[in-house]
Amino acid sequence: MFAPLRERNYRLWAAADLVSVSGTWMQVLALNWLILSATGSATAMGAVVMLQSLPVLLLGSWGGALADRLPARPLLIAFQSLRALLALALLLPGGNWAVYAVALASGVIGSFEGPVLGRFGSALVPRSALSSALALGSVLSSAGRIGGMALGGVLIGVTGPSVLFVINAVSYLAVILALLAMRLGDMRPLAVAAPSDGGVIAGFRYLLRQPVILVVLALSFVLGSLGRNYQVSMAAMVSGPLGGSSGSYGLLSTVFAVGAVAGGLLLAGTGRSTLRVLAGTGFLISALQLCSGLAPSVLGFAALILPIAAGAVVFDTVVSTRIQLDTREEMRGRVLATVGIVSSLSGIVGAPAIGWLCDTVGARGALVTAGAVTTVAAVAGGVALIRLKGRALDWSILLGRPTEQPA
């Protein structure tokens with residue numbers, strides 16, 4: 001489970017990431033409070049989320065091409081410095097327009113930063129420890145989210161949102177210092193794209209020749225859009241058929257966070273990020289989602305939310321691991337950029353779709369309907385993966401011995 005922590009560079013990165021993620025979620029809390037207190041509009045909050053997501057759809061492919069050609073560490077230092085400045089920019093007068101401008105700029109940075117982070121992370125540990133490293137990273141992200149939101153909730157009532165912006169700006173310094181302290185000689189060298197093969201079109205051509213990766217991305221989109229928007233469905237279930245209170249919603253949110261941490265620890269301990277695990281986990285969380293629509297009480301719903309959250313983390317981490325292990329290193333940034341685009345699309349499409357289902361057929365009907373669709377998709381995806389891999393020679397992929405996909 002803790003094999004990646006034997007690497008000094010990974011320890012530095014993990015500690016800095018925990019600090020930075022905590023600061024990020026403190027800023028998210030402060031921004032939400034600032035927008036709601038100024039406008040009283042949930043639509044305004046949605047606009048901020050949209051401004052952060054749209055640049056990934058438009059610029060993500062170019063970010064992937066950049067990641068495949070340039071060294072990661074200098075780029076990450078520059079990106080973290082820009083993010084610190086954006087956090088401080090929220091202190092300047094400008095009203096809501098300043099918030100929207102920072103959200104848009106943050107989305108642009110994220111378009112380029114995401115693929116670079118993916119390539120850089122895989123260079124910090126041996127290939128055999130990549131799955132555990134990604135799973136531990138998920139655990140740290142969940143812990144940082146819980147800690148940041150909890151501490152931010154206390155501070156915002158005492159100091160107001162401005163202090164939280166400053167704390168987030170300072171948290172990026174932890175990442176910059178960690179990057180500067182890393183030993184370059186200990187990093188695993190990754191192949192870079194040649195100038196003639198480093199463009200966006202070359203990345204798309206490569207991806208279209210990887211049917212297994214395309215199936216994985218399709219599964220990620222369907223399950224991410226219809227099976228992962230529990231912020232919407234949990235609220236609808238609590239306020240509707242379960243007859244719960246705000247405390248009930250808080251309980252479910254806590255259970256979901258605990259499940260996410262448990263899922264990351266489970267995968268880090270086993271290290272089994274195979275396609276069989278991917279398809280099996282996708283089917284399990286989809287079937288549980290269908291059952292959650294039939295839960296008779298808040299506690300019964302919470303009992304199903306726990307394994308769903310754990311399974312969602314396992315599923316997402318296995319997707320990231322297979323993407324990195326089953327693609328050529330010089331193409332990895334562009335493929336990871338596609339993963340980011342798929343993730344943004346699933347959020348943009350999924351949240352309104354689940355909300356519409358809740359309004360149309362009720363919260364229970366929405367969970368049952370979406371769960372049925374994702375269950376069928378998981379079964380179809382699993383069958384497609386088996387057929388693509390064959391029944392003899394390439395069964396080694398499903399059993400956990402990764403091989404490179406041919407160009």
# chains A, B, ... in the order shown; residues from 1 in each chain; ligands from 1
call {"tool": "residues_around", "arguments": {"residues": "Leu242 (chain A)", "least_positions_apart": "4", "cutoff": "6 Å", "atoms": "only C-alpha atoms", "output": "MDAnalysis selection string"}}
result
chainID A and resid 237:238 297
call {"tool": "write_last_selection", "arguments": {"atoms": "N, CA, C and O atoms", "output": "mmCIF file, in the first residue's frame"}}
result
data_model
loop_
_atom_site.group_PDB
_atom_site.id
_atom_site.type_symbol
_atom_site.label_atom_id
_atom_site.label_comp_id
_atom_site.auth_asym_id
_atom_site.auth_seq_id
_atom_site.Cartn_x
_atom_site.Cartn_y
_atom_site.Cartn_z
ATOM 1 N N MET A 237 -33.031 13.181 -2.889
ATOM 2 C CA MET A 237 -33.545 12.082 -2.079
ATOM 3 C C MET A 237 -33.844 12.542 -0.657
ATOM 4 O O MET A 237 -34.882 12.194 -0.080
ATOM 5 N N VAL A 238 -32.933 13.331 -0.079
ATOM 6 C CA VAL A 238 -33.120 13.771 1.307
ATOM 7 C C VAL A 238 -34.327 14.685 1.430
ATOM 8 O O VAL A 238 -35.158 14.530 2.328
ATOM 9 N N SER A 297 -34.884 4.405 3.857
ATOM 10 C CA SER A 297 -34.598 5.415 4.882
ATOM 11 C C SER A 297 -33.240 6.059 4.609
ATOM 12 O O SER A 297 -32.479 5.611 3.743
#
call {"tool": "residues_around", "arguments": {"residues": "Met182 (chain A)", "least_positions_apart": "3", "cutoff": "8 Å", "atoms": "only C-alpha atoms", "output": "list of chain:residue names"}}
result
A:Arg8, A:Asn9, A:Leu12, A:Ala178, A:Leu179
call {"tool": "write_last_selection", "arguments": {"atoms": "N, CA and C atoms", "output": "short mmCIF file (atom, residue, chain, number, x, y, z; two decimals), in the first residue's frame"}}
result
data_model
loop_
_atom_site.label_atom_id
_atom_site.label_comp_id
_atom_site.auth_asym_id
_atom_site.auth_seq_id
_atom_site.Cartn_x
_atom_site.Cartn_y
_atom_site.Cartn_z
N ARG A 8 11.56 9.37 -2.19
CA ARG A 8 11.65 10.70 -1.56
C ARG A 8 10.86 11.74 -2.34
N ASN A 9 10.98 11.73 -3.65
CA ASN A 9 10.27 12.71 -4.46
C ASN A 9 8.76 12.60 -4.30
N LEU A 12 7.66 14.10 -0.95
CA LEU A 12 7.59 15.56 -1.03
C LEU A 12 6.32 16.00 -1.76
N ALA A 178 8.39 22.05 -2.86
CA ALA A 178 8.56 20.60 -3.05
C ALA A 178 9.17 20.30 -4.41
N LEU A 179 8.70 21.00 -5.44
CA LEU A 179 9.24 20.80 -6.79
C LEU A 179 10.71 21.17 -6.85
#
call {"tool": "atom_distance", "arguments": {"atom1": "CA of Pro195 (chain A)", "atom2": "CA of Ser61 (chain A)"}}
result
15.9 Å
call {"tool": "residues_around", "arguments": {"residues": "Ala378 (chain A)", "least_positions_apart": "3", "cutoff": "8 Å", "atoms": "only C-alpha atoms", "output": "list of chain:residue names"}}
result
A:Leu219, A:Ala279, A:Gly280, A:Gly282, A:Phe283, A:Ser286, A:Thr374, A:Thr375, A:Gly381, A:Gly382
call {"tool": "write_last_selection", "arguments": {"atoms": "all heavy atoms", "output": "CSV table (one decimal), in the first residue's frame"}}
result
chain,number,residue,atom,x,y,z
A,219,LEU,N,-16.9,4.2,-21.2
A,219,LEU,CA,-17.4,3.8,-19.9
A,219,LEU,C,-17.3,5.0,-18.9
A,219,LEU,O,-18.2,5.2,-18.1
A,219,LEU,CB,-16.6,2.6,-19.4
A,219,LEU,CG,-17.1,1.2,-19.8
A,219,LEU,CD1,-16.2,0.2,-19.3
A,219,LEU,CD2,-18.5,1.0,-19.3
A,279,ALA,N,-14.1,-3.1,-15.2
A,279,ALA,CA,-15.5,-3.5,-15.6
A,279,ALA,C,-16.3,-4.0,-14.4
A,279,ALA,O,-17.5,-3.7,-14.3
A,279,ALA,CB,-15.4,-4.6,-16.7
A,280,GLY,N,-15.7,-4.8,-13.5
A,280,GLY,CA,-16.4,-5.3,-12.4
A,280,GLY,C,-16.9,-4.2,-11.4
A,280,GLY,O,-18.0,-4.2,-10.9
A,282,GLY,N,-17.3,-1.0,-12.2
A,282,GLY,CA,-18.3,-0.3,-12.9
A,282,GLY,C,-19.7,-0.9,-12.8
A,282,GLY,O,-20.7,-0.2,-12.6
A,283,PHE,N,-19.8,-2.2,-13.0
A,283,PHE,CA,-21.0,-2.9,-12.8
A,283,PHE,C,-21.6,-2.8,-11.4
A,283,PHE,O,-22.8,-2.6,-11.2
A,283,PHE,CB,-20.9,-4.4,-13.2
A,283,PHE,CG,-22.1,-5.2,-12.9
A,283,PHE,CD1,-23.1,-5.2,-13.8
A,283,PHE,CD2,-22.1,-6.0,-11.8
A,283,PHE,CE1,-24.3,-6.0,-13.6
A,283,PHE,CE2,-23.3,-6.8,-11.6
A,283,PHE,CZ,-24.3,-6.8,-12.4
A,286,SER,N,-22.9,0.6,-10.4
A,286,SER,CA,-24.1,0.9,-11.2
A,286,SER,C,-25.3,0.2,-10.6
A,286,SER,O,-26.4,0.7,-10.4
A,286,SER,CB,-23.9,0.5,-12.6
A,286,SER,OG,-22.9,1.3,-13.2
A,374,THR,N,-26.5,2.7,-16.6
A,374,THR,CA,-25.0,2.5,-16.4
A,374,THR,C,-24.7,1.1,-16.2
A,374,THR,O,-23.6,0.6,-16.5
A,374,THR,CB,-24.6,3.4,-15.2
A,374,THR,OG1,-25.4,3.0,-14.0
A,374,THR,CG2,-24.7,4.8,-15.4
A,375,THR,N,-25.7,0.3,-15.6
A,375,THR,CA,-25.4,-1.2,-15.5
A,375,THR,C,-25.3,-1.8,-16.8
A,375,THR,O,-24.4,-2.6,-17.1
A,375,THR,CB,-26.6,-1.8,-14.7
A,375,THR,OG1,-26.6,-1.2,-13.4
A,375,THR,CG2,-26.4,-3.3,-14.5
A,381,GLY,N,-19.6,-2.7,-21.9
A,381,GLY,CA,-18.2,-2.3,-21.9
A,381,GLY,C,-17.3,-3.5,-21.5
A,381,GLY,O,-16.2,-3.7,-22.2
A,382,GLY,N,-17.7,-4.3,-20.5
A,382,GLY,CA,-16.9,-5.5,-20.1
A,382,GLY,C,-16.8,-6.5,-21.3
A,382,GLY,O,-15.7,-7.0,-21.5
call {"tool": "closest_residue", "arguments": {"among": "A:Ala47, A:Leu288, A:Ala309, A:Leu299", "to": "Val368 (chain A)", "atoms": "only C-alpha atoms"}}
result
A:Leu288
call {"tool": "atom_distance", "arguments": {"atom1": "CA of Ala303 (chain A)", "atom2": "CA of Leu252 (chain A)"}}
result
9.4 Å
call {"tool": "closest_residue", "arguments": {"among": "A:Ala370, A:Leu226, A:Ala312, A:Ala16", "to": "Ser171 (chain A)", "atoms": "only C-alpha atoms"}}
result
A:Ala16
call {"tool": "residues_around", "arguments": {"residues": "Leu367 (chain A)", "least_positions_apart": "6", "cutoff": "9 Å", "atoms": "only C-alpha atoms", "output": "ChimeraX atom specification"}}
result
/A:226-227,233,289-294,354,357-358
call {"tool": "atom_distance", "arguments": {"atom1": "CA of Leu130 (chain A)", "atom2": "CA of Leu345 (chain A)"}}
result
26.1 Å
